[in-house]
Structures are given as structure tokens and as C-alpha cells.
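Have a look at the structure below before the remarks.
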Amino acid sequence: MKKIVFFCLLQASICLGQNAQVIRGPYLQSVTPTSVLVHWRTNVPTASRVFYQAKGKVLEKLDTNRVTDHVLALNQLKPSTRYTYQIDSKSFVADRYVVTAPAFGSAQKVRIWALGDFGDGSASQKAVMKSIEAYTQGNRPDAWIWLGDNAYNNGKDEEYQKNVFDVYQQSFLQNLPIYPSPGNHDYGGKHDPSFPPYFKIFNMPSEGQAGGVSSLSESFYSVNYGPVHLVALDTEMRESSGMMLKDGKGEQVDWLKKDLAANKLPWVVVYFHKPPYSKGSHDSDIELDMKSMRENMTSIFEEYKVDLVIAGHSHVYERSFPMRGHAGVNETFDASKHVVAQSIAPNQYVVGPNGQGVIYVVSGSGGKVGGQRPGYPMKSSVYTNNTIGGSVIMDVSKHRFNLKWIQSDGVLGDEFVIEKK
């Protein structure tokens, strides 16, 4: 009798597994040197199972709890190692894999893709994606950072499905770690992090497991990836105290200062949604969120010697000089006072013993494109473009930081290099 019951339960389990269809993912979260979270969604509740392998050795992770939104942690992995994986099957395919992050302290060169304001379902969005596919063929990105406004218009779950998962799944989501930050559209115009589906869809490494200081908040966190320290901030969250990032104080800012002070890596990239400097589709001279970011946050970036601050929100590409001490409106910028850089050639900087200024990039044309406000281009800008979409590729080694803006037509629109001895 027991054998019959077991056989029936086994058959039921198999049938449920066969009937379940993957309707989202898989996609990769919180990738560290030794772990990864594999996410996916099924149309009916089912157990979660992942097979994974490196160098032919097949391992299995199983959670028998039946759910539709699946999250499985693969642990005890090796740094900088490629693992192919598959859901509920040992039929591995070449493009479903994860490469773990470099070991902490590694100077290994890494390639990071930064994309902002992209999930609008437009032809431009798809062209930007295709341009990166082509440009990185044979040298894929190692990590992917999102600059907010990831799914238009209100960051709804179905908008993420249609304009993000359905677009990027095959080419990138199943094999490229995402470290996202949210924008105003992801919050649906609100400021309460308990509201957006964003925080249910993604898991951020908020406990310091990916490097940096533990934030214990999925709104802001940091990642050590090879020689670069990545810091994701949230311009939209209002804390219980009423403070926001733009105020230059509060829980998020306190954490940021601790995290930047503790960093030992040679390069620091801070990213978030609303930029302190822009004259594209948004105006940092008059829009209070951006104006306050400039007035209250840029001095912190300068104090802790941040190399690059990159944001979205404004649907253009803008890149500033290395700057210090400019917190006023556009007309107050004075290159003789505010540019801090040692150039060896156009767009090539060498950081001396006294450091250099912070470079600010707006890359908000990953889908949405265009717009300009009075005063465009900014006096502090080295290069701008508001006529075509694009996204950013960063190649970072111990002594060299190379940023390229790749247009949706495949043209290299802008590039600069920073060298540190």
C-alpha cells in the first residue's frame, strides 16, 4: 500500500513539474565571488530545482516548497568561474550560464554595462540592446547596472514583463548579473519602497555579501567587482524620518559615507536615477530634486574621491569635465575654478597625487530619447547628445578606467580614459 501511495505521489509530482511553464526568467541576482541567486517564475506552483555544472561536474539545488516565484541560492561556488545551469533539467545549453564575480581584492579587468531609462517598448530600446550585443560580441559584459526608470510607465509587474523580461531575456538576463537601482517611474510616482513591484522582482546584496558595508536595505547597497567599487543609491525613497537622498542627510547618506570611507578599491562608481547636472529632458537648475542633489550630495562625492557618478532620468547623454566645488546653477560654472584634471590628451586624464574632480555622466537614453532645456548643453559638459539613444560600457582595470558611450546605431559616440598610477 505504501508503495502505491508513493508511486501516486511521485507521478503527481512529475505531472505538476511537466505542466509548469516558465513565464519569466531565469535571471541572476546578487552575484558574488561564491554565490548567485537564480530567479524565475512559473505559471503554476511547483518545486524549485536548478542543475548547474562547471568542468563537467553536475550539482543540484532543490527546494520542495511549491511556489510560482522561485529564488534558489547557489553557494560555495568558485570566484571568476563559469557555471552553466538549467531549471529542472540536465539539458544544459551554452547561453544559460553565470560567471561568478572576481575574488575580493582581485585586480582582474572587468567590463560593466550601464543602462538607463530603457523599458519603454520602443524601437530605440531594442536598437540600443542590439548595439551592445554587437559591440560586446566576443567580450561580453561581466555585470549590468540599471540607472532607474527600468519599466515604463509605472513600474508595474506586467510592464516589467513586457518591456524588460520579454526584451532582454534571451540575450542578457539569463547570463548577466543585474545590480539595479530604481527611478521615479519604478516607484509609480510614490516614495514608499513597500509599494513598487521592483522590490519584489529583485534581490539586492544588502548584507555586504558582494563587498562593501552592509546596508540592510534593498534601496541602496554596494558591490566590489574586480578593481571597482559600485554603489547603488535610491533617489526616490523617503525614509521614515522624512529624509531623502537629495537632502544630504539621513540613513542612506550615513551609510554612504561609511561605505565610501571603508572602500579600499582603486575605482569608485556611484549610480542612481536623478542626476545633479543636466539640461536634457530635465533641468537641474530648476527641478528641485536634481537641484538639491547638486547642492547637498556633490560635496560628499568629492570628499570621498568618487571617480564617476552616473545617472539617468534625463533622456540624453551628457558627460562633464572632472569637477570639484561647483554646486551652483549652470551659469556659475567656471572652468578655471571648477575643472580639476591633468590631461595628457583630449579625453585622457591622469590622476595626480592631489586627485582630480568627479566626472558626471547622464545616460538616460536606453529607450527614451531626446529633449533639451534652456542652457543646453551645460557649460560643464565635455560632450552631449540628445538625438540618438545609447548606453555605456566601462572597462576597468587596476590602473585604467575606460568609459565608452555606444549609440544605438553602433557608433562610438563618446569615450574617455582615466589613468591612476
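All residue names refer to the C-alpha cells as shown: chains lettered A, B, ... in order, residues numbered from 1 in each chain, ligands numbered from 1 in order.
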Quiz prompt | Near-His399 of chain A list (7 Å; only C-alpha atoms; drop same-chain fewer than 5 positions) as a PyMOL selection string | solution = chain A and resi 419-421
N, CA and C atoms of the current selection, written as a PDB file, in the first residue's frame:
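The resulting file, part.pdb, is reproduced below:
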```pdb
ATOM      1  N   GLU A 419      43.614  57.401 -15.948  1.00  0.00           N
ATOM      2  CA  GLU A 419      44.705  56.527 -15.509  1.00  0.00           C
ATOM      3  C   GLU A 419      45.142  56.913 -14.103  1.00  0.00           C
ATOM      4  N   LYS A 420      45.385  55.907 -13.279  1.00  0.00           N
ATOM      5  CA  LYS A 420      45.917  56.102 -11.935  1.00  0.00           C
ATOM      6  C   LYS A 420      47.180  55.260 -11.785  1.00  0.00           C
ATOM      7  N   LYS A 421      48.184  55.857 -11.228  1.00  0.00           N
ATOM      8  CA  LYS A 421      49.449  55.141 -11.025  1.00  0.00           C
ATOM      9  C   LYS A 421      49.363  54.260  -9.787  1.00  0.00           C
TER      10      LYS A 421
END
```
Practice problem: Report as a ChimeraX atom specification: the residues of segment 68-249 of chain A with a DSSP assignment of strand (DSSP E), based on the backbone of this structure. | Solution: /A:68-74,82-87,97-99,110-115,143-146,178-179,221-225,228-232
Could you write out the selected residues, including N, CA and C atoms, as a tab-separated table (two decimals), in the first residue's frame?
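So the final result, stored in result_21.tsv, reads:
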```
chain	number	residue	atom	x	y	z
A	68	THR	N	5.27	29.99	-7.22
A	68	THR	CA	5.32	30.46	-8.61
A	68	THR	C	6.52	31.38	-8.85
A	69	ASP	N	6.91	32.14	-7.82
A	69	ASP	CA	8.11	32.98	-7.93
A	69	ASP	C	9.25	32.28	-7.21
A	70	HIS	N	10.21	31.82	-7.99
A	70	HIS	CA	11.27	30.95	-7.48
A	70	HIS	C	12.56	31.73	-7.28
A	71	VAL	N	13.22	31.47	-6.15
A	71	VAL	CA	14.54	32.02	-5.88
A	71	VAL	C	15.38	30.91	-5.24
A	72	LEU	N	16.43	30.51	-5.93
A	72	LEU	CA	17.32	29.49	-5.38
A	72	LEU	C	18.73	30.06	-5.28
A	73	ALA	N	19.34	29.88	-4.13
A	73	ALA	CA	20.71	30.34	-3.92
A	73	ALA	C	21.68	29.20	-4.22
A	74	LEU	N	22.62	29.45	-5.12
A	74	LEU	CA	23.71	28.52	-5.37
A	74	LEU	C	24.92	29.04	-4.61
A	82	ARG	N	32.85	30.07	-14.60
A	82	ARG	CA	31.62	29.96	-15.40
A	82	ARG	C	30.90	28.67	-15.06
A	83	TYR	N	29.63	28.82	-14.67
A	83	TYR	CA	28.76	27.68	-14.38
A	83	TYR	C	27.59	27.71	-15.35
A	84	THR	N	27.42	26.67	-16.12
A	84	THR	CA	26.19	26.54	-16.87
A	84	THR	C	25.12	26.00	-15.93
A	85	TYR	N	23.86	26.37	-16.18
A	85	TYR	CA	22.79	25.92	-15.29
A	85	TYR	C	21.53	25.70	-16.10
A	86	GLN	N	20.61	24.96	-15.51
A	86	GLN	CA	19.33	24.71	-16.15
A	86	GLN	C	18.28	24.47	-15.07
A	87	ILE	N	17.06	24.82	-15.37
A	87	ILE	CA	15.94	24.65	-14.44
A	87	ILE	C	15.27	23.31	-14.72
A	97	TYR	N	24.12	30.58	-18.40
A	97	TYR	CA	25.27	30.41	-17.52
A	97	TYR	C	25.39	31.61	-16.58
A	98	VAL	N	26.21	31.44	-15.56
A	98	VAL	CA	26.59	32.54	-14.69
A	98	VAL	C	28.10	32.48	-14.51
A	99	VAL	N	28.73	33.65	-14.57
A	99	VAL	CA	30.15	33.76	-14.23
A	99	VAL	C	30.23	34.49	-12.90
A	110	VAL	N	37.49	44.13	-15.57
A	110	VAL	CA	36.07	43.81	-15.70
A	110	VAL	C	35.41	44.76	-16.69
A	111	ARG	N	34.31	44.31	-17.25
A	111	ARG	CA	33.51	45.12	-18.18
A	111	ARG	C	32.10	45.26	-17.62
A	112	ILE	N	31.64	46.50	-17.48
A	112	ILE	CA	30.34	46.78	-16.88
A	112	ILE	C	29.49	47.57	-17.86
A	113	TRP	N	28.25	47.14	-18.01
A	113	TRP	CA	27.29	47.82	-18.88
A	113	TRP	C	26.32	48.61	-18.02
A	114	ALA	N	26.15	49.90	-18.35
A	114	ALA	CA	25.22	50.77	-17.62
A	114	ALA	C	24.11	51.22	-18.56
A	115	LEU	N	22.86	51.03	-18.12
A	115	LEU	CA	21.70	51.29	-18.95
A	115	LEU	C	20.65	52.06	-18.16
A	143	ALA	N	29.02	42.51	-15.71
A	143	ALA	CA	27.96	42.94	-14.80
A	143	ALA	C	27.16	44.04	-15.49
A	144	TRP	N	25.93	44.24	-14.99
A	144	TRP	CA	24.97	45.14	-15.63
A	144	TRP	C	24.34	46.00	-14.56
A	145	ILE	N	24.52	47.32	-14.65
A	145	ILE	CA	23.89	48.21	-13.69
A	145	ILE	C	22.76	48.98	-14.37
A	146	TRP	N	21.67	49.15	-13.63
A	146	TRP	CA	20.49	49.85	-14.14
A	146	TRP	C	20.36	51.19	-13.42
A	178	ILE	N	22.57	41.36	-12.73
A	178	ILE	CA	21.99	42.70	-12.68
A	178	ILE	C	22.14	43.27	-11.28
A	179	TYR	N	22.61	44.51	-11.22
A	179	TYR	CA	22.65	45.27	-9.97
A	179	TYR	C	21.86	46.55	-10.20
A	221	TYR	N	22.93	49.84	-1.74
A	221	TYR	CA	23.86	48.76	-1.45
A	221	TYR	C	25.13	48.99	-2.26
A	222	SER	N	26.16	48.18	-2.00
A	222	SER	CA	27.40	48.30	-2.76
A	222	SER	C	27.92	46.93	-3.15
A	223	VAL	N	28.78	46.94	-4.18
A	223	VAL	CA	29.31	45.72	-4.77
A	223	VAL	C	30.79	45.95	-5.09
A	224	ASN	N	31.64	45.03	-4.68
A	224	ASN	CA	33.03	45.03	-5.13
A	224	ASN	C	33.14	44.09	-6.32
A	225	TYR	N	33.50	44.65	-7.46
A	225	TYR	CA	33.58	43.84	-8.67
A	225	TYR	C	34.94	44.07	-9.31
A	228	VAL	N	36.75	47.68	-9.07
A	228	VAL	CA	35.80	48.79	-8.97
A	228	VAL	C	34.78	48.55	-7.86
A	229	HIS	N	34.54	49.61	-7.11
A	229	HIS	CA	33.53	49.61	-6.06
A	229	HIS	C	32.29	50.29	-6.61
A	230	LEU	N	31.20	49.53	-6.77
A	230	LEU	CA	29.95	50.02	-7.31
A	230	LEU	C	29.00	50.35	-6.16
A	231	VAL	N	28.42	51.54	-6.20
A	231	VAL	CA	27.50	51.96	-5.14
A	231	VAL	C	26.17	52.36	-5.78
A	232	ALA	N	25.10	51.63	-5.46
A	232	ALA	CA	23.76	51.89	-5.97
A	232	ALA	C	22.96	52.66	-4.92
```
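Between atom CA of Pro182 of chain A and atom CA of Thr387 of chain A lies a distance of 24.5 Å.
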Self-check item: Selection near Phe202 of chain A, 9 Å with only C-alpha atoms, sequence-local residues under 4 positions removed, as a ChimeraX atom specification
Solution: /A:29-30,39,178-180,197-198,218
Write to file, as a compact mmCIF listing (two decimals), in the first residue's frame, the residues of the selection just made, with C-alpha atoms.
```txt
# COMPACT_ATOMS: atom_id res chain seq x y z
CA GLN A 29 20.71 38.37 -8.80
CA SER A 30 23.23 39.19 -6.05
CA HIS A 39 15.15 33.74 -10.13
CA ILE A 178 21.99 42.70 -12.68
CA TYR A 179 22.65 45.27 -9.97
CA PRO A 180 19.69 47.65 -10.36
CA PRO A 197 6.92 45.66 -7.63
CA TYR A 198 10.63 46.43 -8.24
CA GLU A 218 17.34 46.83 -0.72
```
Quiz prompt | Residue with smallest distance to Val50 of chain A - pool A:Asp88, A:Asp234, A:Asp285, A:Glu415, counting only C-alpha atoms | solution = A:Asp88
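Across the model, the gap from atom CA of Ala261 of chain A to atom CA of Asp289 of chain A is 25.5 Å.
Going from atom CA of Gly390 of chain A over to atom CA of Gly328 of chain A, you cover 28.4 Å.
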Practice problem: For Val268 of chain A, please output as a PyMOL selection string all residues within 12 Å (counting only C-alpha atoms; exclusion window: fewer than 3 positions along the same chain). | Solution: chain A and resi 212+222-232+259-265+271+301-302+304-310+358-359+396+398+401
Those same residues - C-alpha atoms - I'd like them written as a compact mmCIF listing (two decimals), in the first residue's frame.
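Wrote result_21.txt, looks like this:
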```txt
# COMPACT_ATOMS: atom_id res chain seq x y z
CA GLY A 212 31.23 46.94 0.86
CA SER A 222 27.40 48.30 -2.76
CA VAL A 223 29.31 45.72 -4.77
CA ASN A 224 33.03 45.03 -5.13
CA TYR A 225 33.58 43.84 -8.67
CA GLY A 226 37.25 43.35 -9.52
CA PRO A 227 39.01 46.72 -9.06
CA VAL A 228 35.80 48.79 -8.97
CA HIS A 229 33.53 49.61 -6.06
CA LEU A 230 29.95 50.02 -7.31
CA VAL A 231 27.50 51.96 -5.14
CA ALA A 232 23.76 51.89 -5.97
CA ASP A 259 30.74 52.66 2.80
CA LEU A 260 32.91 55.09 0.85
CA ALA A 261 35.23 55.59 3.84
CA ALA A 262 35.73 51.81 4.13
CA ASN A 263 36.44 51.23 0.44
CA LYS A 264 39.96 50.09 -0.48
CA LEU A 265 39.50 49.52 -4.22
CA TYR A 271 24.95 55.34 -9.66
CA PHE A 301 31.25 62.56 -3.75
CA GLU A 302 34.22 64.93 -3.82
CA TYR A 304 35.41 60.55 -0.73
CA LYS A 305 37.12 60.82 -4.14
CA VAL A 306 34.42 59.17 -6.22
CA ASP A 307 35.65 58.77 -9.81
CA LEU A 308 32.35 58.60 -11.68
CA VAL A 309 28.76 59.46 -10.85
CA ILE A 310 26.36 58.09 -13.47
CA VAL A 358 34.34 63.88 -10.19
CA ILE A 359 33.10 63.09 -13.71
CA VAL A 396 38.07 48.84 -15.65
CA LYS A 398 43.66 48.36 -11.68
CA PHE A 401 39.25 53.30 -16.39
```
Exercise. Mind the document's chain letters and residue numbers, and return as a ChimeraX atom specification the residues of segment 160-357 of chain A that DSSP labels alpha helix (DSSP H).
Key: /A:160,166-168,198-201,251-262,288-303,335-338
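Nearest residue to Ile393 of chain A among A:Pro205, A:Gly413, A:Gly56, A:Pro45 is A:Gly413, counting only C-alpha atoms.
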Practice problem: Would you kindly return, as a VMD selection string, each protein, DNA or RNA residue with an atom no farther than 12 Å from any atom of Gln161 of chain A, considering only C-alpha atoms and excluding same-chain residues fewer than 4 positions away? | Solution: chain A and resid 23 to 25 40 to 41 119 to 121 150 to 152 155 to 157 165 to 169 197 to 198 201
Quiz item: So which residues touch Gln407 of chain A within 10 Å, counting only C-alpha atoms, skipping near sequence neighbours fewer than 6 positions away, as a ChimeraX atom specification?
Solution: /A:127-129,131-132,317,365-366,385,388-392,413-414
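Proximity to Asp186 of chain A was assessed for A:Asn154, A:Asn139, A:Asn402, A:Gln252 counting only C-alpha atoms; the smallest distance is recorded for A:Asn154.
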Quiz item: Restricting the calculation to only C-alpha atoms, which member of A:Gly183, A:Pro353, A:Gly242, A:Pro33 is positioned closest to Gln209 of chain A?
Solution: A:Pro33
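Counting only C-alpha atoms and comparing A:His273, A:Arg140, A:Lys258, A:Lys368, the residue that lies closest to Val316 of chain A is A:Lys368.
Summary of the local environment: counting only C-alpha atoms, residues at most 9 Å from segment 337-346 of chain A, other than itself and those fewer than 4 positions away along its chain, are Phe321, Pro322, Met323, Arg324, Gly325, His326, Phe333, Val350, Val351, Gly352, Gly355, Gln356, Gly357, Val358, Ser380 and Phe416 of chain A.
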Please dump the current selection as a PDB file, in the first residue's frame; keep C-alpha atoms.
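out-v1.pdb, freshly written:
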```
ATOM      1  CA  PHE A 321      34.636  67.678 -17.028  1.00  0.00           C
ATOM      2  CA  PRO A 322      36.236  66.275 -13.866  1.00  0.00           C
ATOM      3  CA  MET A 323      34.737  68.812 -11.466  1.00  0.00           C
ATOM      4  CA  ARG A 324      35.086  69.996  -7.916  1.00  0.00           C
ATOM      5  CA  GLY A 325      33.396  72.771  -5.974  1.00  0.00           C
ATOM      6  CA  HIS A 326      30.596  73.560  -8.430  1.00  0.00           C
ATOM      7  CA  PHE A 333      30.355  77.201 -13.813  1.00  0.00           C
ATOM      8  CA  VAL A 350      45.988  61.117 -15.352  1.00  0.00           C
ATOM      9  CA  VAL A 351      45.163  61.331 -11.667  1.00  0.00           C
ATOM     10  CA  GLY A 352      47.976  63.038  -9.778  1.00  0.00           C
ATOM     11  CA  GLY A 355      43.428  63.572  -7.126  1.00  0.00           C
ATOM     12  CA  GLN A 356      41.024  65.006  -9.657  1.00  0.00           C
ATOM     13  CA  GLY A 357      37.413  66.084  -9.868  1.00  0.00           C
ATOM     14  CA  VAL A 358      34.338  63.884 -10.190  1.00  0.00           C
ATOM     15  CA  SER A 380      30.329  71.960 -17.594  1.00  0.00           C
ATOM     16  CA  PHE A 416      37.300  58.959 -22.117  1.00  0.00           C
TER      17      PHE A 416
END
```
